[in-house]
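For reference, the structure discussed in these notes is given below.
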Number of protein chains: 2
Amino acid sequence: MSETFSVDVRITPRGGILDPQGETIARALGNLGYEGVSSVRAGRLVRIEIEAKSADAAQSEVERMCEELIANPTIEDYVVRVRDTVGQ
Amino acid sequence: MSETFSVDVRITPRGGILDPQGETIARALGNLGYEGVSSVRAGRLVRIEIEAKSADAAQSEVERMCEELIANPTIEDYVVRVRDTVGQ
């Protein structure tokens, strides 16, 4: 029996990779008067609903998708996490 | 005494809001032969390091930043989560 799983992929720029979007947010926060912000990194969050036989199967399928399409492993790190099953 | 906290903001398109980036990923996954994907939603992940007196203070400061700058509450939902303190 297959179930539908909700899976989150958190994609962040690798350490040392320039992140102009994060720098822009950091600068804007400073201009707005926010203090104490030492770093802002901007990444992506992709939420996938996928049918699979188990949580482990959903996890490894989404990891394959990340390698092949969703993330750019040269400049991005990603973490895949199965959140829960989705009610049919 | 202040500490530096690492705070994650997960920003997702609200239900019913069009998400062309998510739809593009879904279509590309289908073209690559992945089956069983019923939904892809693409959002943003912003990771902030901020000095604050407590985890609660860091949380509410970042929530203010979201309302004012980081998220667009008209079309996006956001969740703020303090992850941990950052070694000095």
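Numbering starts fresh at 1 for the residues of each chain in the structure tokens, the chains themselves are lettered A, B, ... in the order given, and ligands are numbered from 1 as they appear.
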Report task. Give the strand (DSSP E or B) residues of chain B, as DSSP finds them on the backbone, and put them as a ChimeraX atom specification. Result -> /B:3-13,37-52,76-85
Report task. Using only C-alpha atoms, determine which residues of chain B fall within 7 Å of chain A; present them as a ChimeraX atom specification. Result -> /B:36-51
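Distances from A:Ser54, A:Ser60, A:Thr85, A:Thr74 to Gly15 of chain A were compared using only C-alpha atoms, and the smallest one belongs to A:Thr74.
All residues of protein, DNA or RNA that reach within 7 Å of Ile75 of chain B, judged by only C-alpha atoms and not counting those fewer than 6 positions away in the chain, are Pro13, Arg14 and Ile17 of chain B.
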**Report entry** DSSP-assigned helix (DSSP H, G or I) members of chain B, reported as a PyMOL selection string
**Finding:** chain B and resi 20-31+55-70
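Here atom CA of Arg83 of chain B stands at a distance of 13.3 Å from atom CA of Ala57 of chain B.
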Query raised in the report: Looking at only C-alpha atoms, which of B:Gly87, B:Val79, B:Glu23, B:Gly30 is the one that sits closest to Glu67 of chain B?
Result: B:Val79
